[in-house]
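Colleague: This is target-v5.csv, which holds CSV, C-alpha atoms:
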chain,number,residue,atom,x,y,z
Y,979,MET,CA,30.3,122.8,25.3
Y,980,VAL,CA,30.2,120.6,28.4
Y,981,ASN,CA,32.8,117.9,28.7
Y,982,THR,CA,31.2,114.5,29.4
Y,983,THR,CA,34.4,112.4,29.4
Y,984,ILE,CA,37.1,112.2,31.9
Y,985,GLN,CA,40.5,113.7,30.9
Y,986,PRO,CA,43.5,111.4,30.4
Y,987,SER,CA,45.6,110.9,33.5
Y,988,ARG,CA,49.1,112.5,33.6
Y,989,HIS,CA,50.3,110.0,36.2
Y,990,PRO,CA,53.5,108.1,35.2
Y,991,LEU,CA,51.6,104.8,35.9
Y,992,ALA,CA,48.5,105.9,34.0
Y,993,GLU,CA,48.6,102.7,32.0
Y,994,TYR,CA,47.6,100.8,35.2
Y,995,ILE,CA,44.9,103.3,36.1
Y,996,TYR,CA,43.3,102.6,32.7
Y,997,ARG,CA,43.7,98.9,33.2
Y,998,LEU,CA,41.7,99.1,36.4
Y,999,GLU,CA,39.1,101.4,34.9
Y,1000,ASN,CA,38.6,98.9,32.0
Y,1001,GLY,CA,38.1,95.9,34.2
Y,1002,GLN,CA,41.7,94.6,34.0
Y,1003,ALA,CA,44.2,94.0,36.8
Y,1004,LEU,CA,47.6,95.4,37.9
Y,1005,LEU,CA,49.1,92.2,36.5
Y,1006,LYS,CA,48.6,91.7,32.7
Y,1007,ASP,CA,46.4,88.9,31.5
Y,1008,SER,CA,48.1,86.0,29.9
Y,1009,PRO,CA,47.8,82.2,30.0
Y,1010,GLN,CA,51.3,82.0,31.6
Y,1011,ASN,CA,50.3,84.4,34.4
Y,1012,VAL,CA,47.1,82.6,35.0
Y,1013,ILE,CA,48.8,79.3,35.5
Y,1014,GLU,CA,51.5,80.8,37.7
Y,1015,VAL,CA,49.1,82.8,39.9
Y,1016,VAL,CA,46.6,80.0,40.4
Y,1017,GLY,CA,49.4,77.5,41.1
Y,1018,ILE,CA,51.2,79.6,43.6
Y,1019,LEU,CA,48.0,80.6,45.4
Y,1020,LYS,CA,47.1,76.9,45.8
Y,1021,SER,CA,50.5,76.3,47.5
Y,1022,TYR,CA,50.1,79.5,49.5
Y,1023,GLY,CA,46.6,78.4,50.6
Y,1024,ILE,CA,47.9,75.1,51.9
Y,1025,ILE,CA,50.5,77.0,53.9
Y,1026,LEU,CA,48.1,79.6,55.2
Y,1027,ASP,CA,45.9,76.8,56.4
Y,1028,GLU,CA,48.8,75.5,58.5
Y,1029,TYR,CA,49.9,79.0,59.6
Y,1030,SER,CA,46.4,80.0,60.7
Y,1031,ARG,CA,45.8,76.8,62.7
Y,1032,ASN,CA,49.1,77.4,64.6
Y,1033,LEU,CA,48.4,81.0,65.3
Y,1034,ILE,CA,45.0,80.3,66.7
Y,1035,TYR,CA,46.4,77.4,68.7
Y,1036,ILE,CA,49.0,79.7,70.3
Y,1037,ALA,CA,46.4,82.3,71.1
Y,1038,ASP,CA,44.0,79.8,72.6
Y,1039,HIS,CA,46.4,77.6,74.5
Y,1040,GLN,CA,49.8,79.4,74.9
Y,1041,PHE,CA,48.5,82.7,76.3
Y,1042,LEU,CA,50.3,84.0,79.5
Y,1043,ILE,CA,53.0,81.3,79.2
Y,1044,LEU,CA,56.3,83.1,79.3
Y,1045,PHE,CA,58.4,80.4,77.7
Y,1046,PRO,CA,56.2,78.5,75.2
Y,1047,PHE,CA,58.8,76.0,74.1
Y,1048,PHE,CA,56.4,73.8,72.3
Y,1049,LYS,CA,54.1,76.4,70.7
Y,1050,TYR,CA,54.8,75.1,67.1
Y,1051,PHE,CA,53.5,71.6,67.9
Y,1052,ASN,CA,49.8,72.5,68.0
Y,1053,GLY,CA,49.4,70.4,71.1
Y,1054,GLU,CA,50.6,67.2,69.4
Y,1055,PHE,CA,54.1,66.7,70.9
Y,1056,SER,CA,56.2,63.6,70.2
Y,1057,LEU,CA,59.9,62.7,70.0
Y,1058,ASN,CA,59.7,62.1,66.3
Y,1059,LYS,CA,58.1,65.5,65.7
Y,1060,LEU,CA,60.7,67.1,67.9
Y,1061,LEU,CA,63.5,65.5,65.9
Y,1062,ARG,CA,61.9,66.7,62.6
Y,1063,HIS,CA,61.6,70.1,64.1
Y,1064,TRP,CA,65.3,70.2,65.0
Y,1065,ASN,CA,66.1,68.9,61.5
Y,1066,HIS,CA,64.0,71.8,60.0
Y,1067,ASN,CA,61.8,69.2,58.3
Y,1068,ARG,CA,58.7,71.2,59.2
Y,1069,THR,CA,56.6,74.2,58.4
Y,1070,ASN,CA,58.3,77.5,59.2
Y,1071,PHE,CA,55.8,79.0,61.6
Y,1072,GLU,CA,58.3,81.7,62.4
Y,1073,TYR,CA,57.2,83.5,59.2
Y,1074,ALA,CA,53.6,83.6,60.5
Y,1075,GLU,CA,54.9,85.3,63.7
Y,1076,TYR,CA,57.0,87.7,61.6
Y,1077,CYS,CA,53.8,88.8,59.8
Y,1078,MET,CA,51.9,89.0,63.1
Y,1079,LYS,CA,54.5,91.2,64.7
Y,1080,ALA,CA,54.8,93.5,61.7
Y,1081,MET,CA,51.0,93.8,61.6
Y,1082,MET,CA,50.9,94.6,65.4
Y,1083,TRP,CA,53.7,97.1,65.0
Y,1084,HIS,CA,52.2,99.1,62.2
Y,1085,GLY,CA,48.7,98.9,63.7
Y,1086,GLY,CA,45.6,100.2,61.9
Y,1087,GLY,CA,41.9,99.4,62.0
Y,1088,GLU,CA,39.7,99.1,65.0
Y,1089,LEU,CA,41.5,96.1,66.3
Y,1090,ASP,CA,44.5,98.2,67.0
Y,1091,THR,CA,42.3,100.9,68.6
Y,1092,TYR,CA,40.4,98.5,70.8
Y,1093,LEU,CA,43.5,97.1,72.3
Y,1094,ASP,CA,44.1,100.4,74.0
Y,1095,THR,CA,40.6,100.8,75.4
Y,1096,PRO,CA,39.6,100.5,79.1
Y,1097,GLU,CA,37.2,97.7,78.0
Y,1098,PHE,CA,40.1,95.6,76.7
Y,1099,ARG,CA,42.1,96.3,79.9
Y,1100,ASP,CA,39.2,95.1,82.0
Y,1101,ASN,CA,38.8,92.0,80.0
Y,1102,ILE,CA,42.4,90.9,80.2
Y,1103,GLU,CA,42.6,91.8,83.9
Y,1104,LYS,CA,40.0,89.2,84.6
Y,1105,VAL,CA,42.1,86.7,82.5
Y,1106,ILE,CA,45.3,87.5,84.4
Y,1107,GLN,CA,43.7,87.2,87.8
Y,1108,ALA,CA,42.1,83.9,86.8
Y,1109,LYS,CA,45.2,82.5,85.3
Y,1110,PHE,CA,47.5,83.3,88.2
Y,1111,LYS,CA,45.0,83.1,91.0
Y,1112,HIS,CA,47.3,81.2,93.3
Y,1113,ASN,CA,50.6,82.4,91.7
Y,1114,PHE,CA,52.1,85.0,94.1
Y,1115,PHE,CA,55.2,85.5,91.9
Y,1116,MET,CA,53.3,86.3,88.8
Y,1117,LEU,CA,50.7,88.5,90.5
Y,1118,THR,CA,53.6,90.4,92.2
Y,1119,LEU,CA,55.3,90.8,88.8
Y,1120,HIS,CA,52.0,92.1,87.4
Y,1121,LYS,CA,51.9,94.8,90.1
Y,1122,ILE,CA,55.5,95.9,89.6
Y,1123,PHE,CA,55.2,95.9,85.8
Y,1124,PRO,CA,51.5,96.5,85.1
Y,1125,GLU,CA,52.0,96.8,81.3
Y,1126,PHE,CA,53.9,93.5,80.8
Y,1127,LEU,CA,51.1,91.0,80.8
Y,1128,PRO,CA,48.6,93.3,79.1
Y,1129,GLU,CA,51.0,93.8,76.3
Y,1130,HIS,CA,51.4,90.0,76.0
Y,1131,MET,CA,47.6,89.7,75.7
Y,1132,ARG,CA,47.6,92.4,73.0
Y,1133,MET,CA,50.1,90.2,71.1
Y,1134,MET,CA,47.9,87.1,71.6
Y,1135,SER,CA,45.0,89.1,70.2
Y,1136,TYR,CA,47.0,89.7,67.0
Y,1137,TYR,CA,47.9,86.0,66.9
Y,1138,SER,CA,44.2,85.2,66.9
Y,1139,GLY,CA,43.2,88.0,64.6
Y,1140,LEU,CA,45.7,87.1,61.9
Y,1141,GLY,CA,44.9,83.5,62.3
Y,1142,GLN,CA,41.3,84.2,61.6
Y,1143,PHE,CA,42.1,86.4,58.6
Y,1144,TRP,CA,44.4,83.7,57.1
Y,1145,ARG,CA,41.7,81.0,57.7
Y,1146,VAL,CA,39.4,82.9,55.3
Y,1147,MET,CA,42.1,83.6,52.8
Y,1148,ALA,CA,43.3,80.0,52.7
Y,1149,ASP,CA,39.8,78.9,51.8
Y,1150,ILE,CA,39.5,81.6,49.1
Y,1151,PHE,CA,42.8,80.5,47.5
Y,1152,LEU,CA,42.1,76.8,47.7
Y,1153,ASP,CA,38.6,77.3,46.2
Y,1154,LEU,CA,40.3,79.3,43.4
Y,1155,SER,CA,42.4,76.3,42.6
Y,1156,ASP,CA,39.4,74.0,42.5
Y,1157,ARG,CA,37.6,76.4,40.2
Y,1158,TYR,CA,40.6,76.6,37.9
Y,1159,ASP,CA,40.8,72.8,37.8
Y,1160,ASN,CA,37.1,72.7,36.8
Y,1161,GLY,CA,37.7,75.2,34.0
Y,1162,GLU,CA,35.9,78.1,35.6
Y,1163,ILE,CA,39.0,80.4,36.0
Y,1164,LYS,CA,40.5,81.3,32.6
Y,1165,SER,CA,41.9,84.8,33.0
Y,1166,ILE,CA,43.6,87.2,35.5
Y,1167,PRO,CA,40.4,89.2,35.8
Y,1168,ASP,CA,38.6,86.0,36.8
Y,1169,VAL,CA,41.2,85.4,39.5
Y,1170,VAL,CA,40.8,89.0,40.8
Y,1171,GLN,CA,37.0,88.7,40.8
Y,1172,HIS,CA,37.1,85.4,42.7
Y,1173,ILE,CA,39.3,87.0,45.4
Y,1174,LEU,CA,37.1,90.1,45.5
Y,1175,ASP,CA,33.9,88.0,45.9
Y,1176,GLY,CA,35.5,86.1,48.8
Y,1177,LEU,CA,36.5,89.3,50.5
Y,1178,VAL,CA,33.1,90.8,50.1
Y,1179,LYS,CA,31.4,87.6,51.2
Y,1180,ASP,CA,33.3,87.6,54.5
Y,1181,ALA,CA,33.7,91.3,54.9
Y,1182,GLY,CA,31.5,91.5,58.0
Y,1183,LYS,CA,32.7,88.2,59.6
Y,1184,PRO,CA,33.2,89.0,63.3
Y,1185,ILE,CA,36.7,88.8,64.7
Y,1186,THR,CA,36.4,87.5,68.3
Y,1187,TYR,CA,38.8,85.9,70.8
Y,1188,GLN,CA,38.1,84.0,73.9
Y,1189,VAL,CA,40.3,82.0,76.3
Y,1190,LYS,CA,39.3,79.2,78.6
Y,1191,ILE,CA,40.6,78.8,82.1
Y,1192,LYS,CA,39.4,75.9,84.2
Y,1193,ALA,CA,36.3,75.4,82.2
Y,1194,LYS,CA,35.3,79.1,82.3
Y,1195,VAL,CA,35.4,81.2,79.1
Y,1196,TYR,CA,36.8,84.8,79.3
Y,1197,GLU,CA,36.2,87.3,76.5
Y,1198,VAL,CA,39.3,89.1,75.2
Y,1199,LEU,CA,37.9,90.4,71.9
Y,1200,PRO,CA,34.1,90.2,72.4
Y,1201,LYS,CA,31.6,90.3,69.7
Y,1202,GLN,CA,30.4,93.6,71.1
Y,1203,ALA,CA,33.6,95.2,70.0
Y,1204,GLU,CA,32.3,94.9,66.5
Y,1205,LEU,CA,35.6,93.9,64.9
Y,1206,THR,CA,35.2,92.6,61.4
Y,1207,PHE,CA,37.3,90.6,58.9
Y,1208,LEU,CA,37.7,93.1,56.1
Y,1209,MET,CA,38.3,96.5,57.8
Y,1210,ASP,CA,40.0,95.3,61.0
Y,1211,THR,CA,42.2,92.5,59.7
Y,1212,ALA,CA,42.3,92.4,55.9
Y,1213,VAL,CA,43.0,96.1,55.3
Y,1214,PRO,CA,45.6,96.5,58.1
Y,1215,TYR,CA,47.3,93.3,56.8
Y,1216,VAL,CA,47.5,94.7,53.2
Y,1217,GLU,CA,49.0,97.9,54.6
Y,1218,SER,CA,51.4,96.2,56.9
Y,1219,ILE,CA,52.6,93.3,54.8
Y,1220,PHE,CA,52.0,94.2,51.2
Y,1221,PHE,CA,53.2,97.8,51.5
Y,1222,ARG,CA,55.1,98.8,54.6
Y,1223,GLY,CA,56.8,95.6,56.0
Y,1224,THR,CA,60.0,95.8,58.0
Y,1225,PRO,CA,63.6,96.2,56.9
Y,1226,PHE,CA,65.3,92.8,56.5
Y,1227,PRO,CA,68.3,92.4,58.8
Y,1228,GLY,CA,71.6,92.0,56.9
Y,1229,THR,CA,70.4,94.0,53.9
Y,1230,ILE,CA,70.1,97.4,55.5
Y,1231,SER,CA,71.7,99.2,58.4
Y,1232,TYR,CA,69.6,99.7,61.5
Y,1233,ASN,CA,72.1,102.4,62.7
Y,1234,ALA,CA,70.2,105.6,63.2
Y,1235,GLN,CA,73.1,107.7,62.0
Y,1236,SER,CA,73.2,105.9,58.7
Y,1237,TYR,CA,69.7,107.1,57.8
Y,1238,GLN,CA,69.0,104.0,55.7
Y,1239,ILE,CA,65.6,103.5,57.4
Y,1240,PRO,CA,62.8,106.1,57.1
Y,1241,SER,CA,62.0,107.9,60.3
Y,1242,GLU,CA,58.2,107.5,59.6
Y,1243,GLN,CA,56.5,104.1,59.5
Y,1244,ALA,CA,54.0,105.4,57.0
Y,1245,ILE,CA,56.6,105.7,54.3
Y,1246,PHE,CA,58.1,102.3,54.8
Y,1247,THR,CA,58.4,100.3,51.5
Y,1248,TYR,CA,59.6,96.9,52.6
Y,1249,GLY,CA,56.4,95.0,51.9
Y,1250,ALA,CA,55.8,92.1,49.4
Y,1251,LEU,CA,55.0,94.5,46.5
Y,1252,TYR,CA,58.4,96.2,46.7
Y,1253,ALA,CA,60.8,93.4,47.7
Y,1254,ASP,CA,63.6,92.3,45.4
Y,1255,PRO,CA,63.2,88.6,44.8
Y,1256,LEU,CA,67.0,88.0,44.4
Y,1257,PRO,CA,68.0,88.1,48.1
Y,1258,VAL,CA,65.6,85.3,48.8
Y,1259,GLY,CA,67.6,82.5,50.3
Y,1260,GLY,CA,69.9,84.8,52.3
Y,1261,ALA,CA,70.2,84.7,56.0
Y,1262,GLY,CA,67.8,87.0,57.9
Y,1263,ILE,CA,65.3,87.3,55.0
Y,1264,PRO,CA,61.9,86.3,56.4
Y,1265,PRO,CA,60.1,85.7,53.1
Y,1266,THR,CA,62.7,82.9,52.5
Y,1267,LEU,CA,60.9,80.9,55.1
Y,1268,LEU,CA,57.6,81.2,53.2
Y,1269,MET,CA,59.2,80.3,49.9
Y,1270,GLN,CA,60.7,77.2,51.4
Y,1271,ASP,CA,57.3,76.2,52.8
Y,1272,MET,CA,55.6,76.8,49.4
Y,1273,ARG,CA,58.1,74.8,47.5
Y,1274,HIS,CA,56.8,71.6,49.2
Y,1275,HIS,CA,53.3,72.2,47.9
Y,1276,LEU,CA,53.7,73.4,44.4
Y,1277,PRO,CA,51.2,71.8,42.0
Y,1278,GLU,CA,52.9,69.8,39.3
Y,1279,TYR,CA,51.9,72.0,36.4
Y,1280,LEU,CA,53.7,75.0,38.1
Y,1281,HIS,CA,56.7,73.0,39.1
Y,1282,GLU,CA,57.1,71.9,35.5
Y,1283,ILE,CA,57.3,75.5,34.4
Y,1284,TYR,CA,60.1,76.1,36.9
Y,1285,ARG,CA,61.9,73.0,35.7
Y,1286,HIS,CA,62.0,74.3,32.1
Y,1287,SER,CA,63.2,77.8,33.1
Y,1288,PHE,CA,66.7,79.1,32.2
Y,1289,ARG,CA,68.3,78.0,35.5
Y,1290,GLN,CA,65.8,75.2,36.0
Y,1291,GLU,CA,65.6,74.5,39.8
Y,1292,ASP,CA,68.9,76.1,40.7
Y,1293,ASP,CA,67.0,79.4,41.7
Y,1294,LEU,CA,63.7,77.8,42.6
Y,1295,LEU,CA,63.1,80.0,45.6
Y,1296,VAL,CA,63.6,83.2,43.5
Y,1297,GLN,CA,61.2,81.9,40.9
Y,1298,ILE,CA,58.6,81.2,43.5
Y,1299,CYS,CA,59.1,84.6,45.0
Y,1300,GLN,CA,58.6,86.3,41.6
Y,1301,THR,CA,55.4,84.3,41.0
Y,1302,PHE,CA,54.2,85.1,44.5
Y,1303,GLN,CA,54.7,88.8,43.8
Y,1304,LYS,CA,52.5,88.4,40.7
Y,1305,SER,CA,49.8,86.9,42.8
Y,1306,MET,CA,50.0,89.6,45.4
Y,1307,PHE,CA,49.4,92.2,42.8
Y,1308,CYS,CA,46.2,90.3,41.9
Y,1309,VAL,CA,45.2,90.3,45.6
Y,1310,THR,CA,46.0,94.0,45.8
Y,1311,THR,CA,43.8,94.6,42.7
Y,1312,ALA,CA,40.9,93.0,44.4
Y,1313,ALA,CA,41.5,95.2,47.5
Y,1314,ILE,CA,41.6,98.3,45.4
Y,1315,LYS,CA,38.4,97.5,43.6
Y,1316,GLY,CA,36.7,96.5,46.8
Y,1317,LEU,CA,37.6,99.8,48.6
Y,1318,ALA,CA,36.9,102.1,45.6
Y,1319,PRO,CA,34.5,105.0,46.4
Y,1320,HIS,CA,32.4,103.9,43.3
Y,1321,PRO,CA,32.3,100.9,40.9
Y,1322,LEU,CA,35.3,101.3,38.6
Y,1323,ASP,CA,33.1,100.8,35.5
Y,1324,THR,CA,30.8,103.7,36.5
Y,1325,THR,CA,29.6,106.0,33.6
Y,1326,ASN,CA,28.9,108.9,35.9
Y,1327,LEU,CA,31.5,111.6,35.3
Y,1328,GLU,CA,31.7,112.9,38.9
Y,1329,GLU,CA,32.1,109.3,40.1
Y,1330,GLN,CA,34.8,108.7,37.5
Y,1331,LYS,CA,36.7,111.7,38.7
Y,1332,GLU,CA,36.5,110.5,42.3
Y,1333,ASN,CA,37.7,107.1,41.3
Y,1334,ARG,CA,40.5,108.6,39.2
Y,1335,ALA,CA,41.8,110.6,42.2
Y,1336,TYR,CA,41.5,107.4,44.3
Y,1337,LEU,CA,43.5,105.3,41.8
Y,1338,GLU,CA,46.2,108.0,41.3
Y,1339,GLY,CA,46.7,107.9,45.1
Y,1340,TRP,CA,47.3,104.2,44.9
Y,1341,MET,CA,49.6,104.6,41.9
Y,1342,ASP,CA,51.8,107.1,43.9
Y,1343,ARG,CA,52.5,104.2,46.2
Y,1344,PHE,CA,53.4,101.8,43.4
Y,1345,LYS,CA,56.1,104.1,41.8
Y,1346,THR,CA,58.9,102.2,43.5
Y,1347,SER,CA,57.2,98.8,43.6
Y,1348,GLN,CA,57.9,95.8,41.4
Y,1349,ILE,CA,54.8,96.5,39.2
Y,1350,LEU,CA,56.8,97.2,36.1
Y,1351,THR,CA,59.1,94.1,36.7
Y,1352,VAL,CA,56.2,91.6,37.1
Y,1353,ASN,CA,54.6,92.9,33.9
Y,1354,GLN,CA,57.7,92.6,31.7
So, in terms of structure tokens, how does the structure I just supplied come out?

Modeller:
Amino acid sequence: MVNTTIQPSRHPLAEYIYRLENGQALLKDSPQNVIEVVGILKSYGIILDEYSRNLIYIADHQFLILFPFFKYFNGEFSLNKLLRHWNHNRTNFEYAEYCMKAMMWHGGGELDTYLDTPEFRDNIEKVIQAKFKHNFFMLTLHKIFPEFLPEHMRMMSYYSGLGQFWRVMADIFLDLSDRYDNGEIKSIPDVVQHILDGLVKDAGKPITYQVKIKAKVYEVLPKQAELTFLMDTAVPYVESIFFRGTPFPGTISYNAQSYQIPSEQAIFTYGALYADPLPVGGAGIPPTLLMQDMRHHLPEYLHEIYRHSFRQEDDLLVQICQTFQKSMFCVTTAAIKGLAPHPLDTTNLEEQKENRAYLEGWMDRFKTSQILTVNQ
């Protein structure tokens, strides 16, 4: 007799495989989770809007400036703004740069590949020569250290690429909040589907980068490079920030002899899906900056939930981090569904088997994540 149904999975996280195959998400569906996820993504969307604008400003106006003292001012410098900056009464754009550097370090996608091509080198050589046309010192420096300025422009490309990625994600999250307010979003699968639809809609959006020098525009990432939103920024971002990340200073030893950091980048598990929320607030913990930013933009209905928690607002940043992790498992669910070899609700047995192997591969990566904790 021919078996027409797929066999049960023996994976320790098989429950989550079945959830995905049945149209659910990695985060269980409940009214509380819906409120938390939508609320935190609204706050996150507001912050991503600010982060993306600053990253793109830096890429467009602070390129080839060795000491960009005022890069966080978006071209709107004033004494009052400087005083607020010194008093830390501002958005922590340093976190955006942390994500950019982690993404650049881990690489992935055609953006990373293109930055090492002769075409890119030719593009930026034109930029360097135009920028420092009458600057004998910088041109001499460029000859002595020929990789210094090109590496700077590679970094500027990531500033721009991540800024463009976050611009799309900010709109997706803010639209999600609007739809929730209008009664259109009622469950976690609704949240996931909204995010997936947004990713699919802009999947082929070109990622380009040009700079302007004395009224002339120079291509750095031209449209001909065929870099796109989904595969060349979204997927590398999920890999770099959700999964791999970087070790947080002060929580782990960087001493090579202590062997506390894996020797291979591919097995790093310091990303948002693995992080312990409790250290949030400690010195040297980059996500603390994001949590501090989001606390200023919490919708009242979410803030009210935190006020009625066991510790009320005494551990507000930790509560925000826990909620943020829940939301990131929803975003990851959308990514998993979007990248699946076949629709997860397929009835074709061979396609089901391919999907099962695909999902078990993802579950291998979730074994040491916070997936069980967020679903308690």

Colleague: Go through Y:Ile1191, Y:Ala1108, Y:Ile1102, Y:Ala1003 one by one, measure the shortest atom-to-atom distance of each to Y:His1039 using all atoms listed in the file, and give the residue with the smallest value.

Modeller: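 Once distances to Y:His1039 are computed over all atoms listed in the file, the minimum belongs to Y:Ile1191.
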
Colleague: Hey, which of Y:Tyr1076, Y:Phe1207, Y:Tyr1248, Y:Tyr1022 ends up closest to Y:Thr1229? Count all atoms listed in the file.

Modeller: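 Closest to Y:Thr1229 of all the choices is Y:Tyr1248.
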
Colleague: Please indicate the distance in Å from atom CA of Y:Pro1264 to atom CA of Y:Glu1072, rounded to one decimal place.

Modeller: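 So the answer is 8.4 Å.
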
Colleague: Using all atoms listed in the file, which residues of stretch 1158-1262 of chain Y come within 10 Å of stretch 1304-1313 of chain Y, and what is the closest atom pair for each, with the distance in Å to one decimal? Give it as a tab-separated table, sorted by chain and residue number.

Modeller:
residue	atom	partner	partner_atom	distance
Y:Ile1166	CA	Y:Cys1308	CA	7.6
Y:Pro1167	CA	Y:Cys1308	CA	8.5
Y:Val1169	CA	Y:Cys1308	CA	7.4
Y:Val1170	CA	Y:Ala1312	CA	5.4
Y:Gln1171	CA	Y:Ala1312	CA	6.8
Y:His1172	CA	Y:Ala1312	CA	8.7
Y:Ile1173	CA	Y:Ala1312	CA	6.3
Y:Leu1174	CA	Y:Ala1312	CA	4.9
Y:Asp1175	CA	Y:Ala1312	CA	8.7
Y:Gly1176	CA	Y:Ala1312	CA	9.8
Y:Leu1177	CA	Y:Ala1313	CA	8.3
Y:Val1178	CA	Y:Ala1313	CA	9.8
Y:Leu1208	CA	Y:Ala1313	CA	9.6
Y:Ala1212	CA	Y:Ala1313	CA	8.9
Y:Val1213	CA	Y:Ala1313	CA	8.0
Y:Val1216	CA	Y:Thr1310	CA	7.6
Y:Phe1220	CA	Y:Met1306	CA	7.7
Y:Phe1221	CA	Y:Thr1310	CA	9.9
Y:Ala1250	CA	Y:Met1306	CA	7.5
Y:Leu1251	CA	Y:Met1306	CA	7.1

Colleague: Please, could you write that set of residues out with C-alpha atoms as an mmCIF file, in the frame of the given file?

Modeller:
data_model
loop_
_atom_site.group_PDB
_atom_site.id
_atom_site.type_symbol
_atom_site.label_atom_id
_atom_site.label_comp_id
_atom_site.auth_asym_id
_atom_site.auth_seq_id
_atom_site.Cartn_x
_atom_site.Cartn_y
_atom_site.Cartn_z
ATOM 1 C CA ILE Y 1166 43.600 87.200 35.500
ATOM 2 C CA PRO Y 1167 40.400 89.200 35.800
ATOM 3 C CA VAL Y 1169 41.200 85.400 39.500
ATOM 4 C CA VAL Y 1170 40.800 89.000 40.800
ATOM 5 C CA GLN Y 1171 37.000 88.700 40.800
ATOM 6 C CA HIS Y 1172 37.100 85.400 42.700
ATOM 7 C CA ILE Y 1173 39.300 87.000 45.400
ATOM 8 C CA LEU Y 1174 37.100 90.100 45.500
ATOM 9 C CA ASP Y 1175 33.900 88.000 45.900
ATOM 10 C CA GLY Y 1176 35.500 86.100 48.800
ATOM 11 C CA LEU Y 1177 36.500 89.300 50.500
ATOM 12 C CA VAL Y 1178 33.100 90.800 50.100
ATOM 13 C CA LEU Y 1208 37.700 93.100 56.100
ATOM 14 C CA ALA Y 1212 42.300 92.400 55.900
ATOM 15 C CA VAL Y 1213 43.000 96.100 55.300
ATOM 16 C CA VAL Y 1216 47.500 94.700 53.200
ATOM 17 C CA PHE Y 1220 52.000 94.200 51.200
ATOM 18 C CA PHE Y 1221 53.200 97.800 51.500
ATOM 19 C CA ALA Y 1250 55.800 92.100 49.400
ATOM 20 C CA LEU Y 1251 55.000 94.500 46.500
#

Colleague: Neighbouring residues of Y:Phe1071 were defined as those with any atom within 9 Å, considering all atoms listed in the file; residues of the same chain fewer than 5 positions away were excluded. Please report them as a list in words.

Modeller: Glu1028, Tyr1029, Asn1032, Leu1033, Tyr1050, Tyr1076, Leu1267 and Leu1268 of chain Y

Colleague: Name the closest residue to Y:Leu1276 among the candidates Y:Ala1037, Y:Ile1018, Y:Ala1080, Y:Ile1314; distances are taken between atoms, counting all atoms listed in the file.

Modeller: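 Distance minimum relative to Y:Leu1276 lands on Y:Ile1018.
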
Colleague: Nearest to Y:Asp1156 among Y:Lys1006, Y:Lys1020, Y:Arg997, Y:Lys1201, with distances taken over only C-alpha atoms: which residue is it?

Modeller: Y:Lys1020

Colleague: Using all atoms listed in the file, which of Y:Arg988, Y:Lys1104, Y:Lys1059, Y:Arg1068 sits nearest Y:Tyr1196?

Modeller: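 For Y:Tyr1196, the nearest of the candidates is Y:Lys1104.
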
Colleague: Might you pull out every residue within 10 Å of Y:His1275, with only C-alpha atoms counted and same-chain residues fewer than 5 positions away left off, and present them as a list in words?

Modeller: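 Near Y:His1275, the qualifying residues are Gly1017, Ile1018, Lys1020, Ser1021, Tyr1022, Gly1023, Ile1024, Ile1025, Gln1270 and His1281 of chain Y.
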
Colleague: Can you pull out the residues contacting Y:Lys1049? Cut-off 7 Å, using only C-alpha atoms, and skip same-chain residues under 3 positions away; I want them as a PyMOL selection string.

Modeller: chain Y and resi 1036+1040+1046+1052

Colleague: Excluding Y:Lys1331 and any residue of its chain fewer than 5 positions from it, enumerate the residues within 9 Å of it, using only C-alpha atoms, and give them as a ChimeraX atom specification.

Modeller: /Y:984-985,1326,1336

Colleague: Only C-alpha atoms, please: the residues just picked out, written as a PDB file, in the frame of the given file.

Modeller:
ATOM      1  CA  ILE Y 984      37.100 112.200  31.900  1.00  0.00           C
ATOM      2  CA  GLN Y 985      40.500 113.700  30.900  1.00  0.00           C
ATOM      3  CA  ASN Y1326      28.900 108.900  35.900  1.00  0.00           C
ATOM      4  CA  TYR Y1336      41.500 107.400  44.300  1.00  0.00           C
TER       5      TYR Y1336
END

Colleague: I'd like the interatomic distance between atom CA of Y:Glu1242 and atom CA of Y:Cys1077, to a tenth of an Å.

Modeller: 19.2 Å

Colleague: Within 9 Å of Y:Asn1000, counting only C-alpha atoms, which residues qualify if same-chain residues fewer than 5 places away don't, as a PyMOL selection string?

Modeller: chain Y and resi 995+1322-1323

Colleague: How many Å separate atom CA of Y:Thr1206 from atom CA of Y:Lys1183?

Modeller: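 Pair atom CA of Y:Thr1206 / atom CA of Y:Lys1183 returns 5.4 Å.
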